[in-house]
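J.: I'd like to ask some things about the structure below.
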Amino acid sequence: MAAELPDPLAAQDPGDRPMRTDEHPAGRLVRFDTDHELLDRVLRVYREHCRYLKFAETTVPHGPESGEGISVAGEFAIPESCYIDDTGHFNAVEFNICYNQMAYYLIAKAVQDGLHPVFARWTIDDFWRLQLGNILITDLKSTFKRQMRGRMFEGRTTVVDVVRLDQVERWDPLIVLRTKCEFWDETGGNCRGEVKIAISNPV
């Protein structure tokens, strides 16, 4: 179970991670502002010029006890492409990189602050150990509705459902997350996708 969460109004230390609780049609809506220390650590595995995610607000619609519908909304900046000359638009490779960064942050935040019961046995050190070798995209579908410039934009990733598989013939234990994501900019550009993640040999 998650520990008692801090009262954001009582947080005086800039290092605190404020939480806000709002009304939601289906119950509590719990929001966490960007944890910059955690975000910096999550993105450390990327080359410095590929750290596109700048801010990330985490939302748990029904409270941390259920973890249902947990999501992260992010703000991104891509001053220049890390792998190709300027194409003039947000492309599929950048879609994948930006999704990865949101997903890593969302899982790390869920582990650190006890925001989803499937990660109840994890510590943040478990996440760092498993981040690169055990968190795998198994299926990704993206649709580009209207061209995005792709320099300053926003995005969101939401966990649709989570299944833990401990007894699967011929397979190691897995956590499977089905997610959806979208990106948009101020000019009306937008794209969206559905991504399935498998975490092998979870805690």
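Within each chain, counting starts at residue 1; across the structure tokens, chains are named A, B, ... in the order shown, with ligands numbered 1 upward in that order.
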List as a Markdown table every residue of range 33-65 of chain A that is in contact with range 83-87 of chain A, defined as an atom at most 12 Å from one of its atoms (using only C-alpha atoms), together with the nearest atom pair and the distance in Å rounded to one decimal, sorted by chain and then rising number.
T.:
```
| residue | atom | partner | partner_atom | distance |
| --- | --- | --- | --- | --- |
| A:Arg47 | CA | A:Tyr83 | CA | 11.6 |
| A:His49 | CA | A:Tyr83 | CA | 10.4 |
| A:Cys50 | CA | A:Tyr83 | CA | 9.5 |
```
J.: Can you write just those residues out, C-alpha atoms, as a CSV table (one decimal), in the first residue's frame?
T.:
```
chain,number,residue,atom,x,y,z
A,47,ARG,CA,22.3,11.8,-24.6
A,49,HIS,CA,20.7,16.7,-26.6
A,50,CYS,CA,17.9,14.0,-26.6
```
J.: Mind checking DSSP for range 37-153 of chain A and telling me the strand (DSSP E) residues as a VMD selection string?
T.: chain A and resid 53 to 60 71 to 77 135 to 146 152 to 153
J.: Find the spatial neighbours of range 127-138 of chain A, counting only C-alpha atoms, within a cut-off of 6 Å - ignore same-chain residues fewer than 2 positions away - and output them as number ranges by chain.
T.: A: 124-125, 196-200
J.: Can I get the selected residues back with all heavy atoms, as a PDB file, in the first residue's frame?
T.:
```
ATOM      1  N   ILE A 124      12.577   2.325  -5.765  1.00  0.00           N
ATOM      2  CA  ILE A 124      13.069   3.109  -6.894  1.00  0.00           C
ATOM      3  C   ILE A 124      14.372   2.525  -7.433  1.00  0.00           C
ATOM      4  O   ILE A 124      14.650   2.601  -8.634  1.00  0.00           O
ATOM      5  CB  ILE A 124      13.217   4.602  -6.512  1.00  0.00           C
ATOM      6  CG1 ILE A 124      13.386   5.467  -7.777  1.00  0.00           C
ATOM      7  CG2 ILE A 124      14.357   4.787  -5.533  1.00  0.00           C
ATOM      8  CD1 ILE A 124      12.214   5.436  -8.728  1.00  0.00           C
ATOM      9  N   ASP A 125      15.153   1.879  -6.576  1.00  0.00           N
ATOM     10  CA  ASP A 125      16.374   1.227  -7.061  1.00  0.00           C
ATOM     11  C   ASP A 125      16.041   0.070  -7.995  1.00  0.00           C
ATOM     12  O   ASP A 125      16.804  -0.209  -8.930  1.00  0.00           O
ATOM     13  CB  ASP A 125      17.215   0.719  -5.891  1.00  0.00           C
ATOM     14  CG  ASP A 125      17.925   1.847  -5.162  1.00  0.00           C
ATOM     15  OD1 ASP A 125      18.155   2.908  -5.790  1.00  0.00           O
ATOM     16  OD2 ASP A 125      18.252   1.688  -3.975  1.00  0.00           O
ATOM     17  N   LYS A 196       1.910  -0.852 -26.258  1.00  0.00           N
ATOM     18  CA  LYS A 196       1.910  -1.901 -25.233  1.00  0.00           C
ATOM     19  C   LYS A 196       3.346  -2.078 -24.735  1.00  0.00           C
ATOM     20  O   LYS A 196       4.287  -2.176 -25.525  1.00  0.00           O
ATOM     21  CB  LYS A 196       1.393  -3.215 -25.803  1.00  0.00           C
ATOM     22  CG  LYS A 196       1.243  -4.323 -24.772  1.00  0.00           C
ATOM     23  CD  LYS A 196       0.729  -5.614 -25.403  1.00  0.00           C
ATOM     24  CE  LYS A 196      -0.689  -5.465 -25.868  1.00  0.00           C
ATOM     25  NZ  LYS A 196      -1.231  -6.751 -26.412  1.00  0.00           N
ATOM     26  N   ILE A 197       3.487  -2.109 -23.422  1.00  0.00           N
ATOM     27  CA  ILE A 197       4.788  -2.268 -22.779  1.00  0.00           C
ATOM     28  C   ILE A 197       4.799  -3.566 -21.988  1.00  0.00           C
ATOM     29  O   ILE A 197       3.817  -3.890 -21.295  1.00  0.00           O
ATOM     30  CB  ILE A 197       5.074  -1.104 -21.812  1.00  0.00           C
ATOM     31  CG1 ILE A 197       5.160   0.220 -22.564  1.00  0.00           C
ATOM     32  CG2 ILE A 197       6.353  -1.339 -21.019  1.00  0.00           C
ATOM     33  CD1 ILE A 197       5.296   1.417 -21.642  1.00  0.00           C
ATOM     34  N   ALA A 198       5.898  -4.303 -22.065  1.00  0.00           N
ATOM     35  CA  ALA A 198       6.102  -5.470 -21.221  1.00  0.00           C
ATOM     36  C   ALA A 198       7.312  -5.214 -20.332  1.00  0.00           C
ATOM     37  O   ALA A 198       8.350  -4.731 -20.801  1.00  0.00           O
ATOM     38  CB  ALA A 198       6.328  -6.724 -22.060  1.00  0.00           C
ATOM     39  N   ILE A 199       7.178  -5.533 -19.057  1.00  0.00           N
ATOM     40  CA  ILE A 199       8.290  -5.438 -18.115  1.00  0.00           C
ATOM     41  C   ILE A 199       8.638  -6.875 -17.721  1.00  0.00           C
ATOM     42  O   ILE A 199       7.845  -7.566 -17.077  1.00  0.00           O
ATOM     43  CB  ILE A 199       7.921  -4.611 -16.872  1.00  0.00           C
ATOM     44  CG1 ILE A 199       7.427  -3.220 -17.287  1.00  0.00           C
ATOM     45  CG2 ILE A 199       9.122  -4.505 -15.939  1.00  0.00           C
ATOM     46  CD1 ILE A 199       6.958  -2.367 -16.119  1.00  0.00           C
ATOM     47  N   SER A 200       9.815  -7.316 -18.133  1.00  0.00           N
ATOM     48  CA  SER A 200      10.202  -8.700 -17.886  1.00  0.00           C
ATOM     49  C   SER A 200      10.842  -8.851 -16.505  1.00  0.00           C
ATOM     50  O   SER A 200      11.504  -7.944 -16.005  1.00  0.00           O
ATOM     51  CB  SER A 200      11.169  -9.177 -18.968  1.00  0.00           C
ATOM     52  OG  SER A 200      12.357  -8.410 -18.961  1.00  0.00           O
TER      53      SER A 200
END
```
J.: May I ask which of the residues A:Ala73, A:Leu174, A:Cys82, A:Val111 is the closest one to Gly155 in chain A, counting only C-alpha atoms?
T.: A:Ala73
J.: Give me the residues of range 87-198 of chain A that have any atom at most 10 Å from an atom of range 36-40 of chain A; for each, the nearest atom pair and the distance in Å, rounded to one decimal. Use only C-alpha atoms, sort by chain and number, and format it as JSON lines.
T.:
```
{"residue": "A:Gln101", "atom": "CA", "partner": "A:Leu39", "partner_atom": "CA", "distance": 9.1}
{"residue": "A:Met102", "atom": "CA", "partner": "A:Leu39", "partner_atom": "CA", "distance": 9.5}
{"residue": "A:Tyr104", "atom": "CA", "partner": "A:Leu39", "partner_atom": "CA", "distance": 9.1}
{"residue": "A:Tyr105", "atom": "CA", "partner": "A:Leu39", "partner_atom": "CA", "distance": 6.4}
{"residue": "A:Leu106", "atom": "CA", "partner": "A:Leu39", "partner_atom": "CA", "distance": 9.6}
{"residue": "A:Ala108", "atom": "CA", "partner": "A:Leu38", "partner_atom": "CA", "distance": 7.8}
{"residue": "A:Lys109", "atom": "CA", "partner": "A:Leu38", "partner_atom": "CA", "distance": 7.7}
{"residue": "A:Gln112", "atom": "CA", "partner": "A:Leu38", "partner_atom": "CA", "distance": 9.0}
{"residue": "A:Ile124", "atom": "CA", "partner": "A:Leu38", "partner_atom": "CA", "distance": 9.9}
```
J.: If DSSP is run on the backbone, what residues of range 37-198 of chain A are helix (DSSP H, G or I)? A reply as a ChimeraX atom specification would be ideal.
T.: /A:37-45,48-50,92-113,117-119,124-134
J.: So that I can see what lies close to Arg192 in chain A, please list as JSON, numbers by chain the residues with an atom at most 6 Å from it, counting only C-alpha atoms and leaving out residues fewer than 3 positions away in the same chain.
T.: {"A": [142, 143, 181, 182]}
